[in-house]
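Peer 1: mmCIF, C-alpha atoms, file input.cif:
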```cif
data_query
#
loop_
_atom_site.label_atom_id
_atom_site.label_comp_id
_atom_site.auth_asym_id
_atom_site.auth_seq_id
_atom_site.Cartn_x
_atom_site.Cartn_y
_atom_site.Cartn_z
CA MET A 1 -234.57 16.41 -80.03
CA ASP A 2 -234.63 16.54 -83.85
CA LEU A 3 -233.24 13.04 -84.06
CA LEU A 4 -235.97 11.76 -81.78
CA THR A 5 -238.75 13.41 -83.75
CA VAL A 6 -237.32 12.08 -86.99
CA LEU A 7 -237.07 8.62 -85.47
CA LEU A 8 -240.63 8.88 -84.17
CA GLU A 9 -241.95 9.89 -87.57
CA ALA A 10 -240.07 7.11 -89.31
CA SER A 11 -241.19 4.42 -86.90
CA MET A 12 -244.75 5.76 -86.90
CA ALA A 13 -244.88 5.43 -90.68
CA VAL A 14 -243.65 1.86 -90.46
CA GLY A 15 -246.04 1.06 -87.60
CA LEU A 16 -249.03 2.48 -89.47
CA ALA A 17 -247.99 0.56 -92.58
CA GLY A 18 -248.17 -2.61 -90.52
CA LEU A 19 -251.61 -1.59 -89.32
CA GLY A 20 -252.65 -0.95 -92.92
CA ALA A 21 -251.56 -4.42 -93.96
CA GLY A 22 -253.58 -5.84 -91.07
CA VAL A 23 -256.68 -3.95 -92.16
CA ALA A 24 -256.15 -5.27 -95.69
CA ALA A 25 -256.06 -8.80 -94.30
CA ILE A 26 -259.31 -8.21 -92.38
CA ALA A 27 -260.97 -6.80 -95.49
CA ALA A 28 -259.85 -9.72 -97.65
CA GLY A 29 -261.07 -12.18 -95.05
CA LEU A 30 -264.48 -10.52 -94.82
CA GLY A 31 -264.93 -10.24 -98.57
CA ILE A 32 -263.89 -13.76 -99.43
CA GLY A 33 -265.85 -15.09 -96.45
CA LYS A 34 -269.01 -13.53 -97.84
CA ILE A 35 -268.32 -14.96 -101.28
CA GLY A 36 -267.74 -18.42 -99.83
CA ALA A 37 -270.88 -18.24 -97.72
CA ALA A 38 -273.02 -17.25 -100.71
CA ALA A 39 -271.47 -20.03 -102.81
CA LEU A 40 -272.08 -22.66 -100.14
CA GLU A 41 -275.70 -21.58 -99.76
CA SER A 42 -276.25 -21.70 -103.52
CA ILE A 43 -274.73 -25.17 -103.81
CA ALA A 44 -276.96 -26.34 -100.98
CA ARG A 45 -279.99 -25.03 -102.79
CA GLN A 46 -279.06 -26.46 -106.18
CA PRO A 47 -276.38 -29.17 -106.07
CA GLU A 48 -276.46 -29.69 -109.87
CA ALA A 49 -275.04 -26.22 -110.43
CA ALA A 50 -272.10 -26.88 -108.08
CA GLY A 51 -269.52 -26.75 -110.89
CA ASP A 52 -270.61 -23.36 -112.24
CA ILE A 53 -270.96 -21.92 -108.75
CA ARG A 54 -267.52 -23.14 -107.76
CA ALA A 55 -265.95 -21.54 -110.83
CA SER A 56 -267.70 -18.20 -110.18
CA MET A 57 -266.70 -18.30 -106.53
CA ILE A 58 -263.04 -18.80 -107.38
CA ILE A 59 -263.05 -15.97 -109.90
CA ALA A 60 -264.75 -13.56 -107.51
CA ALA A 61 -262.35 -14.55 -104.72
CA ALA A 62 -259.34 -13.92 -106.94
CA LEU A 63 -260.64 -10.46 -107.86
CA VAL A 64 -261.31 -9.49 -104.23
CA GLU A 65 -257.93 -10.83 -103.18
CA GLY A 66 -256.32 -8.69 -105.88
CA VAL A 67 -257.71 -5.54 -104.30
CA ALA A 68 -256.49 -6.57 -100.86
CA LEU A 69 -253.05 -7.19 -102.30
CA PHE A 70 -252.91 -3.64 -103.72
CA ALA A 71 -253.12 -2.46 -100.13
CA VAL A 72 -250.39 -4.87 -99.08
CA ILE A 73 -248.11 -3.63 -101.86
CA VAL A 74 -248.70 -0.01 -100.86
CA CYS A 75 -247.86 -0.81 -97.23
CA LEU A 76 -244.75 -2.63 -98.39
CA LEU A 77 -243.70 0.42 -100.39
CA VAL A 78 -244.06 2.55 -97.26
CA VAL A 79 -241.77 0.25 -95.33
CA LEU A 80 -239.08 0.03 -97.99
CA MET B 81 -251.02 -35.49 -79.94
CA LYS B 82 -252.64 -32.78 -77.84
CA LYS B 83 -249.50 -32.36 -75.71
CA GLY B 84 -247.40 -31.98 -78.83
CA PHE B 85 -249.75 -29.33 -80.13
CA LEU B 86 -249.64 -27.42 -76.84
CA LEU B 87 -245.85 -27.59 -76.87
CA LEU B 88 -245.73 -26.17 -80.39
CA LEU B 89 -248.13 -23.43 -79.33
CA ALA B 90 -245.92 -22.58 -76.34
CA VAL B 91 -242.88 -22.29 -78.58
CA PHE B 92 -244.72 -19.91 -80.87
CA ALA B 93 -246.03 -17.93 -77.90
CA MET B 94 -242.48 -17.25 -76.76
CA GLN B 95 -241.73 -15.89 -80.20
CA THR B 96 -242.17 -12.21 -79.36
CA THR B 97 -239.43 -12.01 -76.72
CA PHE B 98 -236.82 -13.62 -78.96
CA ALA B 99 -237.72 -11.45 -81.92
CA GLN B 100 -237.53 -8.28 -79.81
CA ASP B 101 -234.02 -9.17 -78.75
CA SER B 102 -232.64 -9.62 -82.23
CA ILE B 103 -234.12 -6.31 -83.38
CA LYS B 104 -232.68 -4.27 -80.50
CA THR B 105 -229.13 -5.58 -80.79
CA GLU B 106 -227.16 -4.97 -83.98
CA SER B 107 -227.76 -8.47 -85.30
CA LYS B 108 -225.91 -9.63 -88.38
CA PHE B 109 -228.96 -11.32 -89.83
CA ASN B 110 -231.31 -8.82 -91.44
CA ALA B 111 -234.54 -10.61 -92.32
CA GLY B 112 -235.96 -7.81 -94.47
CA GLU B 113 -232.80 -7.55 -96.51
CA MET B 114 -232.63 -11.29 -97.10
CA ILE B 115 -236.24 -11.44 -98.24
CA MET B 116 -235.83 -8.48 -100.58
CA HIS B 117 -232.64 -9.99 -101.98
CA HIS B 118 -234.51 -13.16 -102.86
CA ILE B 119 -237.48 -11.35 -104.41
CA ALA B 120 -235.39 -8.97 -106.49
CA ASP B 121 -233.53 -9.68 -109.68
CA ALA B 122 -229.89 -10.75 -109.67
CA HIS B 123 -227.07 -11.23 -112.13
CA GLU B 124 -226.41 -14.80 -111.01
CA ILE B 125 -228.57 -17.85 -110.42
CA HIS B 126 -227.59 -18.94 -106.94
CA PHE B 127 -228.31 -22.61 -106.34
CA ILE B 128 -226.85 -23.55 -102.99
CA GLY B 129 -223.87 -22.43 -100.94
CA GLU B 130 -221.03 -21.53 -103.27
CA TYR B 131 -222.60 -22.90 -106.45
CA SER B 132 -224.03 -20.24 -108.73
CA LEU B 133 -224.55 -19.88 -112.42
CA TYR B 134 -222.96 -16.56 -113.36
CA LEU B 135 -224.98 -14.87 -116.08
CA PRO B 136 -223.51 -12.55 -118.71
CA VAL B 137 -223.48 -8.82 -118.11
CA ILE B 138 -224.08 -6.89 -121.32
CA LEU B 139 -223.68 -3.14 -121.06
CA LYS B 140 -223.86 -0.27 -123.50
CA THR B 141 -221.86 2.67 -122.21
CA ASN B 142 -220.63 5.86 -123.84
CA ASN B 143 -217.53 3.92 -124.86
CA GLY B 144 -219.49 1.23 -126.67
CA TRP B 145 -220.59 -2.27 -125.75
CA ASP B 146 -219.09 -4.40 -123.04
CA CYS B 147 -219.86 -8.02 -122.22
CA PHE B 148 -218.43 -10.17 -119.45
CA SER B 149 -219.44 -12.74 -116.89
CA SER B 150 -220.97 -11.51 -113.68
CA SER B 151 -218.51 -13.67 -111.74
CA ASN B 152 -216.07 -10.80 -112.23
CA PHE B 153 -218.42 -8.74 -110.10
CA TYR B 154 -219.31 -11.31 -107.49
CA HIS B 155 -215.71 -12.31 -106.85
CA ASN B 156 -214.63 -8.71 -106.19
CA PRO B 157 -216.53 -7.48 -103.16
CA LYS B 158 -215.53 -4.16 -101.68
CA THR B 159 -216.86 -2.06 -98.86
CA THR B 160 -217.41 1.59 -98.31
CA THR B 161 -219.02 3.56 -95.53
CA ASN B 162 -222.25 5.43 -96.07
CA ALA B 163 -223.41 8.68 -94.49
CA ALA B 164 -224.55 6.92 -91.30
CA GLY B 165 -221.14 5.36 -90.87
CA LYS B 166 -222.32 1.85 -91.70
CA GLU B 167 -220.34 -0.44 -93.96
CA VAL B 168 -222.07 -1.21 -97.24
CA GLU B 169 -220.85 -3.85 -99.63
CA PHE B 170 -220.62 -3.43 -103.37
CA PHE B 171 -218.84 -5.13 -106.25
CA GLN B 172 -216.34 -3.60 -108.61
CA TYR B 173 -214.82 -4.69 -111.89
CA LYS B 174 -212.84 -2.54 -114.34
CA ASP B 175 -214.83 0.68 -114.77
CA TYR B 176 -218.05 -0.62 -113.31
CA VAL B 177 -219.51 -0.75 -109.88
CA MET B 178 -222.50 -2.91 -108.92
CA TYR B 179 -224.54 -1.95 -105.91
CA HIS B 180 -227.80 -3.76 -105.08
CA GLU B 181 -227.72 -5.35 -108.53
CA HIS B 182 -227.60 -1.99 -110.32
CA ILE B 183 -224.53 -1.23 -112.40
CA TYR B 184 -222.94 2.21 -112.31
CA MET B 185 -219.77 3.78 -113.63
CA VAL B 186 -216.86 4.05 -111.24
CA LYS B 187 -216.54 7.41 -109.48
CA ASP B 188 -213.65 8.39 -107.21
CA GLY B 189 -212.30 4.88 -107.52
CA GLY B 190 -215.46 3.19 -106.30
CA LEU B 191 -218.97 3.77 -105.08
CA VAL B 192 -219.93 7.18 -103.74
CA LEU B 193 -222.98 7.45 -101.52
CA GLY B 194 -224.67 10.75 -100.83
CA GLU B 195 -226.44 12.12 -97.80
CA ASP B 196 -229.66 10.11 -98.07
CA GLU B 197 -227.96 6.87 -99.11
CA GLU B 198 -228.53 7.68 -102.75
CA VAL B 199 -225.86 6.65 -105.22
CA LEU B 200 -223.91 9.51 -106.72
CA ASN B 201 -222.28 7.43 -109.44
CA GLU B 202 -223.87 7.73 -112.85
CA SER B 203 -225.63 4.65 -114.19
CA VAL B 204 -224.50 2.90 -117.34
CA SER B 205 -226.48 3.96 -120.42
CA ILE B 206 -228.31 0.72 -121.11
CA ASP B 207 -228.04 -2.52 -119.21
CA PHE B 208 -228.89 -5.43 -121.47
CA SER B 209 -227.62 -8.08 -119.06
CA ILE B 210 -229.18 -11.48 -118.94
CA THR B 211 -230.41 -11.36 -115.39
CA LYS B 212 -232.10 -14.12 -113.43
CA THR B 213 -235.57 -13.04 -114.54
CA VAL B 214 -234.56 -12.95 -118.21
CA ALA B 215 -232.92 -16.37 -117.90
CA GLY B 216 -236.10 -17.62 -116.23
CA MET B 217 -238.19 -16.34 -119.14
CA PHE B 218 -235.87 -18.08 -121.60
CA LEU B 219 -236.31 -21.26 -119.58
CA THR B 220 -240.09 -20.88 -119.69
CA ILE B 221 -240.01 -20.31 -123.44
CA LEU B 222 -237.80 -23.35 -123.91
CA LEU B 223 -240.14 -25.50 -121.83
CA MET B 224 -243.16 -24.27 -123.75
CA ILE B 225 -241.52 -24.93 -127.11
CA LEU B 226 -240.53 -28.43 -126.02
CA ILE B 227 -243.92 -29.29 -124.57
CA PHE B 228 -246.11 -27.86 -127.30
CA GLY B 229 -243.80 -28.90 -130.08
CA SER B 230 -244.15 -32.48 -128.94
CA VAL B 231 -247.93 -32.12 -128.56
CA ALA B 232 -248.27 -30.64 -132.05
CA LYS B 233 -246.15 -33.43 -133.51
CA GLY B 234 -248.37 -35.95 -131.75
CA TYR B 235 -251.48 -34.44 -133.30
CA LYS B 236 -249.89 -34.42 -136.73
CA LYS B 237 -248.98 -38.07 -136.39
CA ARG B 238 -252.19 -39.31 -134.88
CA GLY B 239 -254.79 -37.02 -136.34
CA ILE B 240 -258.18 -37.73 -134.80
CA GLY B 241 -256.86 -40.86 -133.07
CA ALA B 242 -256.50 -41.32 -129.33
CA PRO B 243 -253.76 -39.14 -127.79
CA LYS B 244 -250.72 -40.72 -126.17
CA GLY B 245 -248.04 -39.52 -123.77
CA LEU B 246 -247.56 -35.80 -123.17
CA GLN B 247 -250.36 -35.08 -125.60
CA SER B 248 -252.89 -36.83 -123.35
CA PHE B 249 -251.77 -34.66 -120.42
CA MET B 250 -251.93 -31.35 -122.24
CA GLU B 251 -255.12 -31.98 -124.17
CA PRO B 252 -257.57 -31.53 -121.24
CA LEU B 253 -255.80 -28.30 -120.26
CA ILE B 254 -255.88 -26.89 -123.77
CA LEU B 255 -259.50 -27.89 -124.24
CA PHE B 256 -260.31 -26.39 -120.84
CA ILE B 257 -259.00 -23.01 -121.93
CA ARG B 258 -260.72 -23.21 -125.27
CA ASP B 259 -264.11 -24.50 -124.10
CA GLU B 260 -264.44 -22.99 -120.63
CA VAL B 261 -262.61 -19.70 -121.05
CA ALA B 262 -262.35 -18.61 -124.66
CA ARG B 263 -265.59 -19.77 -126.27
CA PRO B 264 -268.04 -18.72 -123.52
CA SER B 265 -266.37 -15.31 -123.12
CA ILE B 266 -265.73 -14.37 -126.72
CA GLY B 267 -268.41 -16.28 -128.57
CA LYS B 268 -268.25 -16.34 -132.35
CA HIS B 269 -264.69 -15.07 -132.91
CA ALA B 270 -263.11 -17.16 -130.16
CA ASP B 271 -260.72 -19.00 -132.47
CA ARG B 272 -259.06 -15.74 -133.40
CA PHE B 273 -257.93 -15.15 -129.84
CA THR B 274 -257.50 -18.69 -128.55
CA PRO B 275 -253.81 -19.07 -129.51
CA PHE B 276 -252.95 -15.89 -127.64
CA LEU B 277 -254.98 -16.93 -124.61
CA LEU B 278 -253.34 -20.34 -124.53
CA SER B 279 -249.86 -18.81 -124.79
CA ILE B 280 -250.54 -16.34 -122.01
CA PHE B 281 -252.05 -18.99 -119.76
CA PHE B 282 -249.19 -21.44 -120.06
CA PHE B 283 -246.51 -18.76 -119.91
CA ILE B 284 -247.86 -17.35 -116.66
CA TRP B 285 -248.50 -20.78 -115.17
CA ILE B 286 -245.04 -22.16 -115.96
CA SER B 287 -243.37 -18.92 -114.83
CA ASN B 288 -245.24 -19.05 -111.54
CA LEU B 289 -244.30 -22.69 -111.04
CA LEU B 290 -240.62 -22.02 -111.75
CA GLY B 291 -240.59 -19.62 -108.83
CA LEU B 292 -241.79 -22.32 -106.48
CA ILE B 293 -239.13 -24.94 -107.17
CA PRO B 294 -236.65 -24.83 -104.28
CA PHE B 295 -232.92 -24.68 -104.99
CA LEU B 296 -233.53 -23.71 -108.61
CA GLY B 297 -232.27 -20.22 -107.88
CA GLY B 298 -235.55 -18.74 -106.76
CA PHE B 299 -236.92 -17.20 -109.95
CA ASN B 300 -239.42 -14.43 -109.51
CA ILE B 301 -240.48 -13.95 -113.12
CA THR B 302 -244.13 -12.98 -112.87
CA GLY B 303 -243.46 -11.23 -109.59
CA THR B 304 -241.57 -8.45 -111.33
CA LEU B 305 -243.65 -5.50 -112.41
CA SER B 306 -241.82 -5.21 -115.74
CA VAL B 307 -242.88 -8.64 -116.95
CA THR B 308 -246.52 -8.28 -115.93
CA LEU B 309 -246.57 -4.74 -117.35
CA VAL B 310 -245.65 -6.12 -120.75
CA LEU B 311 -248.28 -8.86 -120.50
CA ALA B 312 -250.95 -6.35 -119.54
CA THR B 313 -249.87 -3.95 -122.30
CA VAL B 314 -250.19 -6.70 -124.89
CA VAL B 315 -253.72 -7.43 -123.63
CA LEU B 316 -254.52 -3.71 -123.90
CA ILE B 317 -253.16 -3.49 -127.45
CA VAL B 318 -255.00 -6.60 -128.61
CA THR B 319 -258.24 -5.36 -127.04
CA SER B 320 -257.97 -1.87 -128.51
CA PHE B 321 -257.00 -2.97 -132.00
CA ASN B 322 -259.77 -5.55 -132.13
CA GLY B 323 -262.40 -3.23 -130.75
CA ASN B 324 -265.22 -2.78 -133.21
CA LYS B 325 -267.45 0.27 -133.58
CA ASN B 326 -269.86 -1.10 -131.01
CA TYR B 327 -267.12 -1.38 -128.39
CA TRP B 328 -265.86 2.14 -128.84
CA ARG B 329 -269.38 3.53 -128.94
CA HIS B 330 -270.12 1.88 -125.60
CA ILE B 331 -267.10 3.64 -124.12
CA LEU B 332 -267.24 7.04 -125.74
CA TRP B 333 -270.92 7.56 -126.38
CA PRO B 334 -273.06 5.09 -124.42
CA ASP B 335 -276.63 5.11 -125.62
CA GLY B 336 -279.67 5.11 -123.39
CA VAL B 337 -277.87 7.40 -120.93
CA PRO B 338 -278.89 11.02 -120.17
CA PHE B 339 -276.37 13.64 -121.28
CA LEU B 340 -275.33 14.81 -117.81
CA VAL B 341 -274.61 11.23 -116.75
CA LYS B 342 -272.62 10.80 -119.97
CA VAL B 343 -270.39 13.72 -118.94
CA ILE B 344 -269.39 11.80 -115.81
CA LEU B 345 -269.49 8.33 -117.32
CA VAL B 346 -267.33 8.83 -120.41
CA PRO B 347 -264.16 9.97 -118.56
CA ILE B 348 -264.57 7.05 -116.19
CA GLU B 349 -264.91 4.64 -119.11
CA ILE B 350 -261.87 6.09 -120.85
CA VAL B 351 -259.79 5.76 -117.70
CA GLY B 352 -261.24 2.28 -117.30
CA VAL B 353 -259.74 1.23 -120.65
CA PHE B 354 -256.29 1.70 -119.11
CA ILE B 355 -257.09 0.73 -115.56
CA LYS B 356 -258.34 -2.75 -116.46
CA PRO B 357 -254.99 -4.02 -117.80
CA LEU B 358 -253.22 -2.13 -115.01
CA VAL B 359 -255.24 -4.06 -112.47
CA LEU B 360 -254.41 -7.32 -114.26
CA MET B 361 -250.76 -6.43 -113.90
CA ILE B 362 -250.86 -5.56 -110.21
CA ARG B 363 -253.04 -8.54 -109.30
CA LEU B 364 -250.59 -11.00 -110.81
CA THR B 365 -247.46 -9.33 -109.43
CA ALA B 366 -248.86 -8.85 -105.96
CA ASN B 367 -250.17 -12.40 -105.62
CA ILE B 368 -246.94 -14.05 -106.71
CA THR B 369 -244.63 -11.71 -104.79
CA ALA B 370 -246.74 -11.95 -101.65
CA GLY B 371 -246.57 -15.74 -101.84
CA HIS B 372 -242.78 -15.69 -102.17
CA ILE B 373 -242.43 -13.24 -99.29
CA LEU B 374 -244.63 -15.44 -97.14
CA ILE B 375 -242.59 -18.57 -97.78
CA LEU B 376 -239.33 -16.67 -97.25
CA SER B 377 -240.62 -15.24 -93.98
CA PHE B 378 -240.99 -18.72 -92.55
CA VAL B 379 -237.42 -19.45 -93.55
CA THR B 380 -236.18 -16.27 -91.90
CA LEU B 381 -237.97 -17.33 -88.72
CA ILE B 382 -235.52 -20.20 -88.46
CA PHE B 383 -232.54 -17.89 -88.87
CA ILE B 384 -233.82 -15.32 -86.41
CA PHE B 385 -234.25 -17.98 -83.75
CA GLY B 386 -231.05 -19.75 -84.71
CA GLN B 387 -229.06 -16.61 -83.99
CA ASP B 388 -229.68 -16.76 -80.27
CA SER B 389 -229.14 -20.47 -79.93
CA ALA B 390 -228.69 -23.26 -82.42
CA ALA B 391 -231.10 -25.49 -80.50
CA ALA B 392 -233.86 -22.88 -80.77
CA GLY B 393 -233.16 -22.70 -84.50
CA TYR B 394 -233.54 -26.43 -84.93
CA GLY B 395 -236.63 -26.48 -82.74
CA ILE B 396 -238.41 -23.77 -84.64
CA GLY B 397 -237.18 -25.37 -87.84
CA VAL B 398 -239.66 -28.21 -87.43
CA GLY B 399 -242.69 -25.94 -87.17
CA ALA B 400 -241.43 -23.45 -89.74
CA THR B 401 -240.72 -26.17 -92.28
CA LEU B 402 -244.21 -27.58 -91.86
CA PHE B 403 -245.74 -24.16 -92.39
CA MET B 404 -243.45 -23.54 -95.33
CA VAL B 405 -244.49 -26.78 -97.03
CA MET B 406 -248.14 -25.89 -96.44
CA MET B 407 -247.62 -22.44 -97.95
CA ASN B 408 -245.85 -24.01 -100.91
CA PHE B 409 -248.94 -26.13 -101.61
CA LEU B 410 -251.12 -23.05 -101.35
CA GLU B 411 -248.78 -21.27 -103.73
CA LEU B 412 -249.14 -24.12 -106.21
CA LEU B 413 -252.88 -23.45 -106.21
CA VAL B 414 -252.30 -19.70 -106.49
CA ALA B 415 -249.93 -20.24 -109.44
CA PHE B 416 -252.64 -21.99 -111.43
CA LEU B 417 -255.40 -19.71 -110.21
CA GLN B 418 -253.64 -16.48 -111.10
CA ALA B 419 -252.83 -17.76 -114.57
CA TYR B 420 -256.47 -18.79 -115.00
CA VAL B 421 -257.83 -15.47 -113.74
CA PHE B 422 -255.47 -13.47 -115.99
CA THR B 423 -256.51 -15.53 -119.00
CA LEU B 424 -260.20 -15.38 -118.15
CA LEU B 425 -260.20 -11.61 -117.70
CA ALA B 426 -258.24 -11.16 -120.93
CA ALA B 427 -260.84 -13.34 -122.68
CA LEU B 428 -263.65 -11.24 -121.19
CA TYR B 429 -262.01 -8.04 -122.43
CA PHE B 430 -261.59 -9.53 -125.90
CA GLY B 431 -265.21 -10.66 -125.82
CA ALA B 432 -266.33 -7.14 -124.94
CA ALA B 433 -264.21 -5.76 -127.78
CA VAL B 434 -265.72 -7.92 -130.51
CA GLU B 435 -269.26 -8.00 -129.18
CA GLU B 436 -271.99 -7.26 -131.69
CA ALA B 437 -274.77 -4.88 -130.83
CA HIS B 438 -277.80 -6.53 -129.27
#
```
I'd like the structure from this file rewritten - as structure tokens, please.
Peer 2:
Amino acid sequence: MDLLTVLLEASMAVGLAGLGAGVAAIAAGLGIGKIGAAALESIARQPEAAGDIRASMIIAAALVEGVALFAVIVCLLVVL
Amino acid sequence: MKKGFLLLLAVFAMQTTFAQDSIKTESKFNAGEMIMHHIADAHEIHFIGEYSLYLPVILKTNNGWDCFSSSNFYHNPKTTTNAAGKEVEFFQYKDYVMYHEHIYMVKDGGLVLGEDEEVLNESVSIDFSITKTVAGMFLTILLMILIFGSVAKGYKKRGIGAPKGLQSFMEPLILFIRDEVARPSIGKHADRFTPFLLSIFFFIWISNLLGLIPFLGGFNITGTLSVTLVLATVVLIVTSFNGNKNYWRHILWPDGVPFLVKVILVPIEIVGVFIKPLVLMIRLTANITAGHILILSFVTLIFIFGQDSAAAGYGIGVGATLFMVMMNFLELLVAFLQAYVFTLLAALYFGAAVEEAH
């Protein structure tokens, strides 16, 4: 009985870590999607500023992705 | 074209049943272990098959210094059983035992594992070995010296004249960092920080790229926390030592803020001084390591399938290789992007440090 509970706890931790990584992926997708949408709209409104807007979009996307990757690293630490 | 796509989709749809099988049975191929082995540091640079470059192991123990080639370790595998009764492999040479690339002193004639799989041998005092990551950093430094030495010589020879050769390739990149990153972010004192920013940018970019070259031993230089920790610490030191009175006043005693808000804001700002480089560190490590894990996962797909039947392995190999090549291209973009973001944020921190009061 003890073995089974231990096994259940261990596999539940790993399962929830997988779920956490999935949530991180959803969050990253949502965040970067919003950034991309705003950038596309701004370029449509003012095509001359496309270069500046593109640079800002890439920087913001890298920052948001960084946060999502914290979550991935934490989930990886749970699994290992 | 459409039929081919549907066929590929069907193969991927059947994926779950195969994968379940190889997890339930005691399969000899452990995907997680292989991926971790390729991400982690090693004492050899393994090219292909039996060909490796054995790096020197330099140890300081209580009996003094010891230096030998790591081939002594890798050619002496031994096994022992752990608490769960499973066979674990380690390497032994003279008085030293290497388990999972950590070097310990010999105990009871070999490796001793405790109840929770922890190692009961004592570690060596200091391990100065040239590991794969250190060798990769030396390679990066060598490349940078070669490239920029040649560029500098070109400028000395040609002066204001038109650039030729390697100089004409590096000049747009260098000017990009100076004119798009350093000068807009830092303003008047940009030239004080530009050499550092250029060094950091090219070091991170070349290190990232080295990790993407297949068969070059799979370096993971910027994916190790130790390397990025040092880079972030240097940024923190440069920012703090160059911070003028205005910078520190903004952190410790912001003006135009009611006192009660100051009580909450100042601790947050102080913590922020340390958190900003910490975030730089984690962002770089996580991006690069995640990219490597992703590419390696596609490779392990082939092996997982290939276990059940060689034909399935070959079949999935086509799709997996395509995905892997695609991910490699994405990783090329990420390599440049992460170097650029690190440099840009460092420039912004320097700019905030030397900003004059408005």
Peer 1: Here is a test: counting only C-alpha atoms, which residue of B:Ala370, B:Met407, B:Leu193, B:Ile284 is nearest to chain A?
Peer 2: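 With only C-alpha atoms as the atom set, the closest residue is B:Ala370.
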Peer 1: Please tabulate, as a tab-separated table, the residues of chain B that come within 9 Å of chain A, each with its closest pair of atoms and the distance in Å to one decimal, counting all atoms listed in the file and ordering rows by chain, then residue number upward.
Peer 2:
```
residue	atom	partner	partner_atom	distance
B:Val359	CA	A:Gly66	CA	8.1
B:Leu360	CA	A:Gly66	CA	8.7
B:Ile362	CA	A:Phe70	CA	7.1
B:Arg363	CA	A:Gly66	CA	4.7
B:Leu364	CA	A:Gly66	CA	7.9
B:Ala366	CA	A:Leu69	CA	5.8
B:Asn367	CA	A:Leu69	CA	6.8
B:Ala370	CA	A:Leu69	CA	7.9
B:Leu417	CA	A:Ala62	CA	7.7
B:Gln418	CA	A:Ala62	CA	7.5
B:Tyr420	CA	A:Ile59	CA	8.8
B:Val421	CA	A:Ile59	CA	6.5
B:Leu424	CA	A:Ile59	CA	8.7
```
Peer 1: May I have the selected residues written with C-alpha atoms, as an mmCIF file, keeping the file's coordinate frame?
Peer 2:
```
data_model
loop_
_atom_site.group_PDB
_atom_site.id
_atom_site.type_symbol
_atom_site.label_atom_id
_atom_site.label_comp_id
_atom_site.auth_asym_id
_atom_site.auth_seq_id
_atom_site.Cartn_x
_atom_site.Cartn_y
_atom_site.Cartn_z
ATOM 1 C CA VAL B 359 -255.240 -4.060 -112.470
ATOM 2 C CA LEU B 360 -254.410 -7.320 -114.260
ATOM 3 C CA ILE B 362 -250.860 -5.560 -110.210
ATOM 4 C CA ARG B 363 -253.040 -8.540 -109.300
ATOM 5 C CA LEU B 364 -250.590 -11.000 -110.810
ATOM 6 C CA ALA B 366 -248.860 -8.850 -105.960
ATOM 7 C CA ASN B 367 -250.170 -12.400 -105.620
ATOM 8 C CA ALA B 370 -246.740 -11.950 -101.650
ATOM 9 C CA LEU B 417 -255.400 -19.710 -110.210
ATOM 10 C CA GLN B 418 -253.640 -16.480 -111.100
ATOM 11 C CA TYR B 420 -256.470 -18.790 -115.000
ATOM 12 C CA VAL B 421 -257.830 -15.470 -113.740
ATOM 13 C CA LEU B 424 -260.200 -15.380 -118.150
#
```
Peer 1: What's around Asn322 in chain B at 12 Å? Count only C-alpha atoms, leave out sequence neighbours fewer than 4 positions away in its own chain, and write the answer as a VMD selection string.
Peer 2: chain B and resid 266 269 272 to 273 315 to 318 326 to 328 429 to 435
Peer 1: Any chance you could work out the residue set of the PyMOL selection byres ((chain A and resi 53) around 12) here, as a list in words?
Peer 2: Ile35, Gly36, Ala37, Ala38, Ala39, Leu40, Glu41, Ser42, Ile43, Ala44, Arg45, Gln46, Pro47, Glu48, Ala49, Ala50, Gly51, Asp52, Arg54, Ala55, Ser56, Met57, Ile58, Ile59 and Ala60 of chain A
Peer 1: Please measure the separation of CA of Leu358 in chain B and CA of Val307 in chain B, giving the value in Å to one decimal.
Peer 2: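 Straight-line distance from CA of Leu358 in chain B to CA of Val307 in chain B works out to 12.4 Å.
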Peer 1: Just the number, please: distance in Å from CA of Gly297 in chain B to CA of His126 in chain B, one decimal.
Peer 2: 4.9 Å
Peer 1: Quick one, how far is CA of Leu296 in chain B from CA of Ile375 in chain B?
Peer 2: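 Taking CA of Leu296 in chain B as the start and CA of Ile375 in chain B as the end point, the length is 15.0 Å.
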Peer 1: How would you write, as an mmCIF file with C-alpha atoms, in the coordinates of the input, the residues chosen by the PyMOL selection byres ((chain A and resi 78) around 8) on this structure?
Peer 2:
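So the final result, stored in selection.cif, reads:
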```cif
data_model
loop_
_atom_site.group_PDB
_atom_site.id
_atom_site.type_symbol
_atom_site.label_atom_id
_atom_site.label_comp_id
_atom_site.auth_asym_id
_atom_site.auth_seq_id
_atom_site.Cartn_x
_atom_site.Cartn_y
_atom_site.Cartn_z
ATOM 1 C CA ALA A 13 -244.880 5.430 -90.680
ATOM 2 C CA VAL A 14 -243.650 1.860 -90.460
ATOM 3 C CA ALA A 17 -247.990 0.560 -92.580
ATOM 4 C CA VAL A 74 -248.700 -0.010 -100.860
ATOM 5 C CA CYS A 75 -247.860 -0.810 -97.230
ATOM 6 C CA LEU A 76 -244.750 -2.630 -98.390
ATOM 7 C CA LEU A 77 -243.700 0.420 -100.390
ATOM 8 C CA VAL A 79 -241.770 0.250 -95.330
ATOM 9 C CA LEU A 80 -239.080 0.030 -97.990
#
```
Peer 1: May I have the residues within 8 Å of His155 in chain B as a tab-separated table (two decimals) with C-alpha atoms, in the coordinates of the input, using all atoms listed in the file and disregarding those fewer than 3 positions away in the same chain?
Peer 2:
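In the end it all went to part-v8.tsv:
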```
chain	number	residue	atom	x	y	z
B	151	SER	CA	-218.51	-13.67	-111.74
B	152	ASN	CA	-216.07	-10.80	-112.23
B	171	PHE	CA	-218.84	-5.13	-106.25
```
